[in-house]
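One file, model17.cif, carrying mmCIF, C-alpha atoms (C1' of nucleotides):
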```cif
data_data
#
loop_
_atom_site.label_atom_id
_atom_site.label_comp_id
_atom_site.auth_asym_id
_atom_site.auth_seq_id
_atom_site.Cartn_x
_atom_site.Cartn_y
_atom_site.Cartn_z
CA MET A 21 87.78 88.93 131.49
CA GLU A 22 91.05 89.13 129.69
CA SER A 23 89.99 85.99 127.85
CA GLY A 24 86.93 87.62 126.35
CA GLY A 25 84.81 84.80 127.71
CA GLY A 26 81.20 85.61 128.51
CA VAL A 27 80.85 87.91 125.55
CA GLU A 28 79.56 86.56 122.28
CA LEU A 29 82.23 86.19 119.60
CA THR A 30 80.04 88.05 117.13
CA PHE A 31 79.63 90.95 119.53
CA LEU A 32 83.35 91.06 120.15
CA LEU A 33 84.05 91.12 116.43
CA GLY A 34 81.65 93.98 115.92
CA LEU A 35 83.04 95.90 118.82
CA GLY A 36 86.59 95.41 117.63
CA PHE A 37 85.73 96.62 114.19
CA GLN A 38 83.73 99.55 115.48
CA LEU A 39 86.48 100.71 117.83
CA VAL A 40 89.33 100.31 115.34
CA LEU A 41 87.40 102.00 112.55
CA GLY A 42 86.27 104.72 114.92
CA GLU A 43 89.81 105.45 116.01
CA PHE A 44 90.96 105.46 112.39
CA THR A 45 88.32 107.92 111.23
CA ARG A 46 88.91 110.10 114.30
CA ARG A 47 92.56 110.42 113.42
CA LEU A 48 91.76 111.11 109.80
CA ALA A 49 89.34 113.83 110.86
CA GLU A 50 92.04 115.36 113.05
CA VAL A 51 94.32 115.85 110.09
CA GLY A 52 91.62 117.47 108.01
CA TYR A 53 89.63 114.65 106.45
CA ALA A 54 86.43 114.99 108.47
CA ASP A 55 84.49 115.24 105.22
CA LEU A 56 85.38 111.75 103.99
CA ARG A 57 83.57 108.65 105.19
CA PRO A 58 85.09 105.18 105.12
CA VAL A 59 83.21 104.38 101.92
CA HIS A 60 85.10 107.17 100.20
CA GLY A 61 88.37 105.59 101.18
CA MET A 62 87.08 102.28 99.82
CA ALA A 63 86.22 104.03 96.58
CA PHE A 64 89.72 105.48 96.36
CA GLN A 65 91.14 101.99 96.83
CA ALA A 66 88.90 100.68 94.08
CA LEU A 67 89.95 103.43 91.70
CA LYS A 68 93.61 103.73 92.50
CA GLY A 69 95.05 101.80 89.56
CA ARG A 70 93.78 103.12 86.25
CA GLY A 71 90.42 104.24 87.50
CA ALA A 72 87.15 102.52 86.62
CA THR A 73 83.70 103.20 85.28
CA ALA A 74 80.94 104.02 87.72
CA THR A 75 79.41 100.61 87.11
CA GLU A 76 82.69 98.84 87.87
CA LEU A 77 83.01 100.92 91.01
CA ALA A 78 79.50 99.89 92.02
CA GLU A 79 80.45 96.21 91.73
CA ARG A 80 83.59 96.68 93.79
CA LEU A 81 81.71 98.55 96.50
CA GLY A 82 78.73 96.22 96.45
CA VAL A 83 76.15 98.93 95.77
CA THR A 84 73.93 99.87 92.83
CA LYS A 85 75.38 101.87 89.96
CA GLN A 86 73.14 104.78 90.95
CA ALA A 87 74.64 104.83 94.42
CA ALA A 88 78.12 104.67 92.91
CA GLY A 89 77.15 107.54 90.63
CA GLN A 90 76.10 109.62 93.61
CA ILE A 91 79.36 108.90 95.39
CA VAL A 92 81.28 109.92 92.28
CA ASP A 93 79.20 113.11 91.96
CA ASP A 94 80.03 113.96 95.53
CA LEU A 95 83.74 113.22 95.21
CA GLU A 96 83.96 115.08 91.90
CA ARG A 97 82.29 118.15 93.35
CA ARG A 98 84.89 118.18 96.08
CA GLY A 99 87.85 117.63 93.80
CA TYR A 100 88.81 114.07 94.69
CA VAL A 101 88.01 112.45 91.32
CA ARG A 102 87.50 113.44 87.68
CA ARG A 103 85.31 111.92 85.01
CA GLU A 104 87.25 111.48 81.79
CA PRO A 105 86.12 110.14 78.43
CA HIS A 106 86.68 106.40 78.43
CA PRO A 107 89.42 105.19 76.04
CA GLU A 108 87.15 102.42 74.79
CA GLY A 109 84.33 104.79 73.95
CA GLY A 110 80.68 104.07 74.30
CA ARG A 111 78.78 105.97 76.91
CA ARG A 112 81.49 104.98 79.33
CA LYS A 113 83.33 107.48 81.45
CA LEU A 114 86.50 106.68 83.29
CA VAL A 115 86.53 107.88 86.87
CA VAL A 116 90.10 108.66 87.94
CA LEU A 117 91.65 109.96 91.15
CA THR A 118 93.08 113.44 91.48
CA GLY A 119 96.18 114.28 93.46
CA ALA A 120 94.02 115.13 96.47
CA ALA A 121 92.68 111.59 96.56
CA ARG A 122 96.12 110.04 96.19
CA GLU A 123 97.32 112.17 99.05
CA HIS A 124 94.41 110.95 101.16
CA LEU A 125 95.30 107.36 100.33
CA ALA A 126 98.85 107.95 101.50
CA VAL A 127 97.79 109.60 104.75
CA ALA A 128 95.15 106.98 105.47
CA GLY A 129 97.64 104.19 104.86
CA ARG A 130 100.12 105.77 107.21
CA ILE A 131 97.50 106.18 109.94
CA LEU A 132 96.31 102.60 109.57
CA HIS A 133 99.80 101.30 110.02
CA GLU A 134 100.54 103.56 112.96
CA LEU A 135 97.38 102.38 114.63
CA GLU A 136 98.21 98.77 113.99
CA ALA A 137 101.69 99.28 115.39
CA GLU A 138 100.27 100.81 118.54
CA LEU A 139 97.82 97.94 118.96
CA ALA A 140 100.70 95.52 118.63
CA GLY A 141 101.73 96.74 122.08
CA SER A 142 98.55 95.30 123.58
CA ALA A 143 97.65 92.36 121.39
CA ASP A 144 99.21 89.77 119.12
CA ILE A 145 98.23 91.31 115.81
CA GLY A 146 99.80 88.51 113.81
CA ALA A 147 97.61 85.94 115.55
CA LEU A 148 94.56 88.18 115.17
CA ARG A 149 95.13 88.55 111.44
CA ARG A 150 95.70 84.85 111.04
CA GLU A 151 92.55 83.79 112.85
CA LEU A 152 90.45 86.44 111.16
CA ALA A 153 91.69 85.33 107.77
CA ARG A 154 90.76 81.74 108.64
CA VAL A 155 87.28 82.74 109.71
CA VAL A 156 86.78 84.77 106.55
CA ARG A 157 87.98 81.90 104.46
CA ALA A 158 85.73 79.43 106.23
CA LEU A 159 82.65 81.54 105.61
CA HIS A 160 83.42 82.89 102.18
CA GLY A 161 85.75 80.45 100.46
CA GLN A 162 88.98 81.34 98.82
CA ASP A 163 87.87 83.19 95.72
CA GLY A 164 88.72 86.81 96.41
CA LEU A 165 87.07 88.90 99.04
CA PRO A 166 83.52 90.22 99.08
CA PRO A 167 82.84 93.96 99.32
CA LEU A 168 82.76 95.35 102.80
CA ARG A 169 79.33 96.86 103.38
CA PRO A 170 77.87 98.79 106.28
CA VAL A 171 76.91 96.22 108.86
CA TRP A 172 73.22 96.02 109.70
CA MET B 19 97.50 84.34 101.98
CA GLU B 20 96.69 82.20 104.94
CA SER B 21 98.40 84.78 107.11
CA GLY B 22 96.01 87.53 106.14
CA GLY B 23 98.96 89.70 105.13
CA GLY B 24 98.37 92.26 102.42
CA VAL B 25 94.90 93.06 103.65
CA GLU B 26 94.40 95.88 106.11
CA LEU B 27 93.63 94.71 109.63
CA THR B 28 90.65 97.04 109.77
CA PHE B 29 89.25 95.60 106.56
CA LEU B 30 89.74 92.08 107.84
CA LEU B 31 87.94 92.91 111.07
CA GLY B 32 85.02 94.37 109.17
CA LEU B 33 84.85 91.45 106.83
CA GLY B 34 84.98 88.97 109.67
CA PHE B 35 82.18 90.69 111.48
CA GLN B 36 80.10 91.08 108.33
CA LEU B 37 80.45 87.42 107.39
CA VAL B 38 79.80 86.02 110.86
CA LEU B 39 76.83 88.31 111.45
CA GLY B 40 75.51 87.57 107.97
CA GLU B 41 75.68 83.84 108.55
CA PHE B 42 74.00 84.25 111.93
CA THR B 43 71.10 86.30 110.58
CA ARG B 44 70.74 83.94 107.63
CA ARG B 45 70.31 80.99 109.96
CA LEU B 46 67.90 82.91 112.13
CA ALA B 47 65.87 83.80 109.05
CA GLU B 48 65.79 80.13 108.05
CA VAL B 49 64.11 79.16 111.28
CA GLY B 50 61.50 81.87 110.95
CA TYR B 51 63.02 85.05 112.33
CA ALA B 52 63.45 86.93 109.06
CA ASP B 53 61.52 89.82 110.55
CA LEU B 54 64.02 90.57 113.32
CA ARG B 55 67.17 92.60 112.73
CA PRO B 56 70.29 92.31 114.88
CA VAL B 57 69.29 95.45 116.78
CA HIS B 58 66.17 93.66 117.94
CA GLY B 59 68.28 90.89 119.38
CA MET B 60 70.39 93.51 121.13
CA ALA B 61 67.23 95.01 122.55
CA PHE B 62 66.14 91.61 123.84
CA GLN B 63 69.50 91.22 125.54
CA ALA B 64 69.14 94.65 127.11
CA LEU B 65 65.66 93.83 128.39
CA LYS B 66 66.08 90.24 129.41
CA GLY B 67 66.42 90.72 133.16
CA ARG B 68 63.57 92.70 134.64
CA GLY B 69 62.96 94.84 131.60
CA ALA B 70 63.78 98.52 131.37
CA THR B 71 62.27 101.87 130.50
CA ALA B 72 62.54 103.10 126.93
CA THR B 73 65.11 105.66 128.01
CA GLU B 74 67.27 103.02 129.68
CA LEU B 75 67.00 100.91 126.56
CA ALA B 76 68.11 103.89 124.50
CA GLU B 77 71.25 104.24 126.62
CA ARG B 78 72.07 100.56 126.34
CA LEU B 79 71.60 100.59 122.58
CA GLY B 80 73.39 103.90 122.08
CA VAL B 81 70.48 105.62 120.32
CA THR B 82 68.07 108.44 121.18
CA LYS B 83 65.06 107.73 123.32
CA GLN B 84 62.84 108.43 120.31
CA ALA B 85 64.59 105.73 118.32
CA ALA B 86 64.26 103.33 121.24
CA GLY B 87 60.58 104.21 121.45
CA GLN B 88 60.12 103.35 117.78
CA ILE B 89 61.88 100.04 118.25
CA VAL B 90 59.63 99.25 121.21
CA ASP B 91 56.53 100.25 119.20
CA ASP B 92 57.58 97.88 116.48
CA LEU B 93 58.37 95.00 118.83
CA GLU B 94 55.16 95.55 120.78
CA ARG B 95 53.07 95.52 117.63
CA ARG B 96 54.58 92.18 116.75
CA GLY B 97 54.17 90.67 120.18
CA TYR B 98 57.77 90.52 121.36
CA VAL B 99 57.47 93.02 124.21
CA ARG B 100 54.82 94.60 126.43
CA ARG B 101 54.67 98.00 128.07
CA GLU B 102 53.64 97.70 131.69
CA PRO B 103 53.12 100.38 134.31
CA HIS B 104 56.40 100.98 136.05
CA PRO B 105 56.52 99.87 139.70
CA GLU B 106 58.18 103.14 140.66
CA GLY B 107 55.49 105.23 139.05
CA GLY B 108 55.96 108.53 137.31
CA ARG B 109 55.43 108.58 133.60
CA ARG B 110 57.70 105.60 133.42
CA LYS B 111 56.68 102.43 131.65
CA LEU B 112 58.50 99.18 132.04
CA VAL B 113 59.20 97.39 128.78
CA VAL B 114 59.31 93.64 129.36
CA LEU B 115 59.85 90.66 127.10
CA THR B 116 57.09 88.25 126.16
CA GLY B 117 57.56 84.52 125.79
CA ALA B 118 58.11 84.97 122.06
CA ALA B 119 61.13 87.17 122.72
CA ARG B 120 62.56 84.76 125.29
CA GLU B 121 62.19 81.97 122.79
CA HIS B 122 64.05 84.02 120.22
CA LEU B 123 66.84 84.63 122.72
CA ALA B 124 67.16 80.91 123.30
CA VAL B 125 67.22 80.07 119.59
CA ALA B 126 69.66 82.87 118.78
CA GLY B 127 71.98 81.77 121.54
CA ARG B 128 71.93 78.21 120.30
CA ILE B 129 72.69 79.29 116.73
CA LEU B 130 75.54 81.53 117.86
CA HIS B 131 77.15 78.70 119.72
CA GLU B 132 76.67 76.24 116.88
CA LEU B 133 78.26 78.70 114.51
CA GLU B 134 81.16 79.27 116.84
CA ALA B 135 81.65 75.54 117.24
CA GLU B 136 81.75 75.12 113.47
CA LEU B 137 84.27 77.92 113.08
CA ALA B 138 86.42 76.26 115.70
CA GLY B 139 87.11 73.65 113.03
CA SER B 140 88.85 76.26 110.88
CA ALA B 141 90.29 78.76 113.32
CA ASP B 142 91.54 79.04 116.85
CA ILE B 143 88.53 80.76 118.35
CA GLY B 144 90.12 81.01 121.77
CA ALA B 145 93.02 82.98 120.36
CA LEU B 146 90.67 85.12 118.30
CA ARG B 147 88.58 85.98 121.34
CA ARG B 148 91.65 86.74 123.39
CA GLU B 149 93.22 89.09 120.87
CA LEU B 150 89.93 90.80 120.11
CA ALA B 151 89.35 91.38 123.80
CA ARG B 152 92.81 92.90 124.09
CA VAL B 153 92.21 95.22 121.16
CA VAL B 154 88.87 96.28 122.59
CA ARG B 155 90.44 96.92 125.94
CA ALA B 156 93.29 98.91 124.45
CA LEU B 157 90.91 101.21 122.59
CA HIS B 158 88.13 101.49 125.12
CA GLY B 159 89.58 100.86 128.56
CA GLN B 160 88.26 98.39 131.05
CA ASP B 161 85.07 100.03 132.23
CA GLY B 162 82.30 97.98 130.68
CA LEU B 163 81.64 97.77 126.98
CA PRO B 164 80.25 100.46 124.71
CA PRO B 165 77.07 99.85 122.72
CA LEU B 166 77.53 98.16 119.39
CA ARG B 167 76.23 100.47 116.69
CA PRO B 168 75.84 100.03 112.95
CA VAL B 169 79.25 100.63 111.49
CA TRP B 170 79.51 103.56 109.09
"C1'" DC C 2 51.35 125.69 144.96
"C1'" DG C 3 54.83 126.52 141.60
"C1'" DG C 4 58.92 125.15 139.37
"C1'" DG C 5 61.61 122.03 137.28
"C1'" DA C 6 63.50 117.42 136.32
"C1'" DG C 7 62.80 113.07 134.21
"C1'" DG C 8 60.29 110.21 131.05
"C1'" DG C 9 57.34 109.62 126.97
"C1'" DT C 10 55.70 110.91 122.43
"C1'" DC C 11 54.53 113.64 118.13
"C1'" DA C 12 56.30 115.66 114.03
"C1'" DA C 13 59.55 116.92 110.81
"C1'" DG C 14 63.92 116.36 108.63
"C1'" DC C 15 67.97 113.95 106.92
"C1'" DT C 16 71.14 110.56 104.88
"C1'" DG C 17 72.37 107.07 102.10
"C1'" DC C 18 70.89 104.10 99.99
"C1'" DT C 19 67.21 101.25 96.50
"C1'" DT C 20 63.73 100.73 92.80
"C1'" DT C 21 61.90 102.16 88.61
"C1'" DA C 22 62.26 104.16 84.43
"C1'" DC C 23 64.41 106.58 81.04
"C1'" DT C 24 68.28 108.12 77.55
"C1'" DC C 25 72.29 107.67 74.95
"C1'" DA C 26 76.24 105.35 72.28
"C1'" DC C 27 77.74 101.75 69.99
"C1'" DA C 28 77.78 96.80 67.63
"C1'" DC C 29 76.15 93.82 64.60
"C1'" DA C 30 72.81 91.43 61.82
"C1'" DA C 31 68.98 91.48 58.46
"C1'" DT D 30 70.67 101.15 55.53
"C1'" DT D 31 67.96 100.20 59.25
"C1'" DG D 32 66.83 98.37 63.47
"C1'" DT D 33 67.49 96.09 67.42
"C1'" DG D 34 69.87 94.61 71.33
"C1'" DT D 35 73.27 95.58 75.05
"C1'" DG D 36 75.69 98.11 78.32
"C1'" DA D 37 76.56 102.51 80.59
"C1'" DG D 38 74.85 106.66 82.62
"C1'" DT D 39 71.26 109.44 84.85
"C1'" DA D 40 66.89 111.29 86.70
"C1'" DA D 41 63.25 110.84 90.01
"C1'" DA D 42 60.91 108.92 93.58
"C1'" DG D 43 60.67 106.08 97.61
"C1'" DC D 44 62.19 104.18 101.87
"C1'" DA D 45 64.38 102.76 106.44
"C1'" DG D 46 66.17 104.11 110.38
"C1'" DC D 47 67.71 107.20 112.44
"C1'" DT D 48 68.11 112.48 114.54
"C1'" DT D 49 66.56 117.12 116.09
"C1'" DG D 50 63.18 119.92 118.02
"C1'" DA D 51 59.12 120.65 120.51
"C1'" DC D 52 55.83 119.44 123.60
"C1'" DC D 53 53.19 117.06 127.35
"C1'" DC D 54 52.70 114.39 131.57
"C1'" DT D 55 53.89 112.92 136.43
"C1'" DC D 56 56.11 113.48 140.38
"C1'" DC D 57 59.15 115.80 143.88
"C1'" DC D 58 60.70 119.35 146.61
"C1'" DG D 59 61.17 124.26 147.75
#
```

Take the structure from the file and write it as structure tokens.
Amino acid sequence: MESGGGVELTFLLGLGFQLVLGEFTRRLAEVGYADLRPVHGMAFQALKGRGATATELAERLGVTKQAAGQIVDDLERRGYVRREPHPEGGRRKLVVLTGAAREHLAVAGRILHELEAELAGSADIGALRRELARVVRALHGQDGLPPLRPVW
Amino acid sequence: MESGGGVELTFLLGLGFQLVLGEFTRRLAEVGYADLRPVHGMAFQALKGRGATATELAERLGVTKQAAGQIVDDLERRGYVRREPHPEGGRRKLVVLTGAAREHLAVAGRILHELEAELAGSADIGALRRELARVVRALHGQDGLPPLRPVW
DNA sequence: CGGGAGGGTCAAGCTGCTTTACTCACACAA
DNA sequence: TTGTGTGAGTAAAGCAGCTTGACCCTCCCG
């Protein structure tokens, strides 16, 4: 069943995601990041420019501001982010990455690209990207990308 | 960014799955199945032959037997499955589908194929299937398919 | 007839969220 | 000056969907 026929497309998509993400997190855990879930990496991505407020982070992650606050609490306790006074005042606080988080971003990026390169030995990754992007566009439109949330 | 470049492959996979599954469940909800989650559909698939024991169902779904038992409780209460005495005796009970569940399977299958046919207008679904199957095979091997679990 | 293996179930606990409700800092208008 | 609205943060409780742990049956086989 090289063609993938006989298995629902939706199932195949889920399985592909699950396996790739699983392999990614396994490798991250091997190099010492067993304490960070994928959502933490997403948070780092969302904060990596100039940082953001907890509410902005919530929007980018697609969760409530309370949930974002909890994630920030957790990451702060473990030294991955800091809360600084916000330059524009108010009650706002600017959540910024520490060096530890930036290092994680670098390692995670490297692992992702290694994994993709390895997969390129078995599949046509260019075609996969292209068709996935088309599907995403068909279902979501062209205006940006929605937050990636845990699936069911 | 028709090519999908600039976005991580893993992210794109997750987004694709999330959007397709979301559209699928939305359509199912529209025709009256708002009370059934994807895992229930997976359970129906796992039971659709001659049924199975709760423990077998647990293996096929990749959860503990207690969790499978809860799912069966829930589905039984709502009339989608029955517990019958198992032909081979013991403490075993055979969980079998009712007509309501078989009807759901038929409707869900129809919706999946409609959705896929629509997406075929925007993307090369054959290529997508093929490359996904290759990725799955590269990461999991050829021996069957692992259970699809909620992702992170 | 006495273990023990396999299957089912009860109960408690946990995680990662959500909902509800509140507090605080500022802006701006009366 | 007051006061009132708005946006950000936070505290507390609740909840879904699992897991872990413990136990109870039924049968088989020595």

Inset, instruction - List the neighbours of Arg68 of chain B out to 9 Å using all atoms listed in the file; skip same-chain residues closer than 4 positions along the sequence, and give me the result as JSON, numbers by chain. - result: {"B": [112, 113, 114, 115]}

Inset, instruction - Would you give me, as a list in words, the residues of chain D that come within 12 Å of chain A, using all atoms listed in the file? - result: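 Here they are: DT35, DG36, DA37, DG38, DT39, DA40, DA41, DA45 and DG46 of chain D.
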
Legend entry - Neighbours of chain A in chain C at 8 Å, counting only C-alpha atoms (C1' of nucleotides), as a count of residues only: 5

Inset, instruction - Give as a PyMOL selection string every residue of chain B that touches chain A within 8 Å, counting all atoms listed in the file. - result: chain B and resi 20-23+26-39+41+55-56+130+134+137+140-154+156-158+164+166-170

Legend entry - One-decimal distance in Å that lies between atom CA of Val127 of chain A and atom CA of Thr45 of chain A: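 Straight-line distance from atom CA of Thr45 of chain A to atom CA of Val127 of chain A works out to 11.6 Å.
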
Residues of chain D that approach segment 2-11 of chain C to 10 Å or less, counting all atoms listed in the file: could you list each one with the shortest pair of atoms and its distance in Å to one decimal, rows by chain and increasing residue number, as JSON lines?
```
{"residue": "D:DA51", "atom": "C1'", "partner": "C:DC11", "partner_atom": "C1'", "distance": 8.7}
{"residue": "D:DC52", "atom": "C1'", "partner": "C:DC11", "partner_atom": "C1'", "distance": 8.1}
{"residue": "D:DC53", "atom": "C1'", "partner": "C:DT10", "partner_atom": "C1'", "distance": 8.3}
{"residue": "D:DC54", "atom": "C1'", "partner": "C:DG9", "partner_atom": "C1'", "distance": 8.1}
{"residue": "D:DT55", "atom": "C1'", "partner": "C:DG8", "partner_atom": "C1'", "distance": 8.8}
{"residue": "D:DC56", "atom": "C1'", "partner": "C:DG7", "partner_atom": "C1'", "distance": 9.1}
{"residue": "D:DC57", "atom": "C1'", "partner": "C:DA6", "partner_atom": "C1'", "distance": 8.9}
{"residue": "D:DC58", "atom": "C1'", "partner": "C:DG4", "partner_atom": "C1'", "distance": 9.4}
{"residue": "D:DG59", "atom": "C1'", "partner": "C:DG4", "partner_atom": "C1'", "distance": 8.7}
```

Legend entry - One-decimal distance in Å that lies between atom CA of Val90 of chain B and atom CA of Arg78 of chain B: 13.5 Å
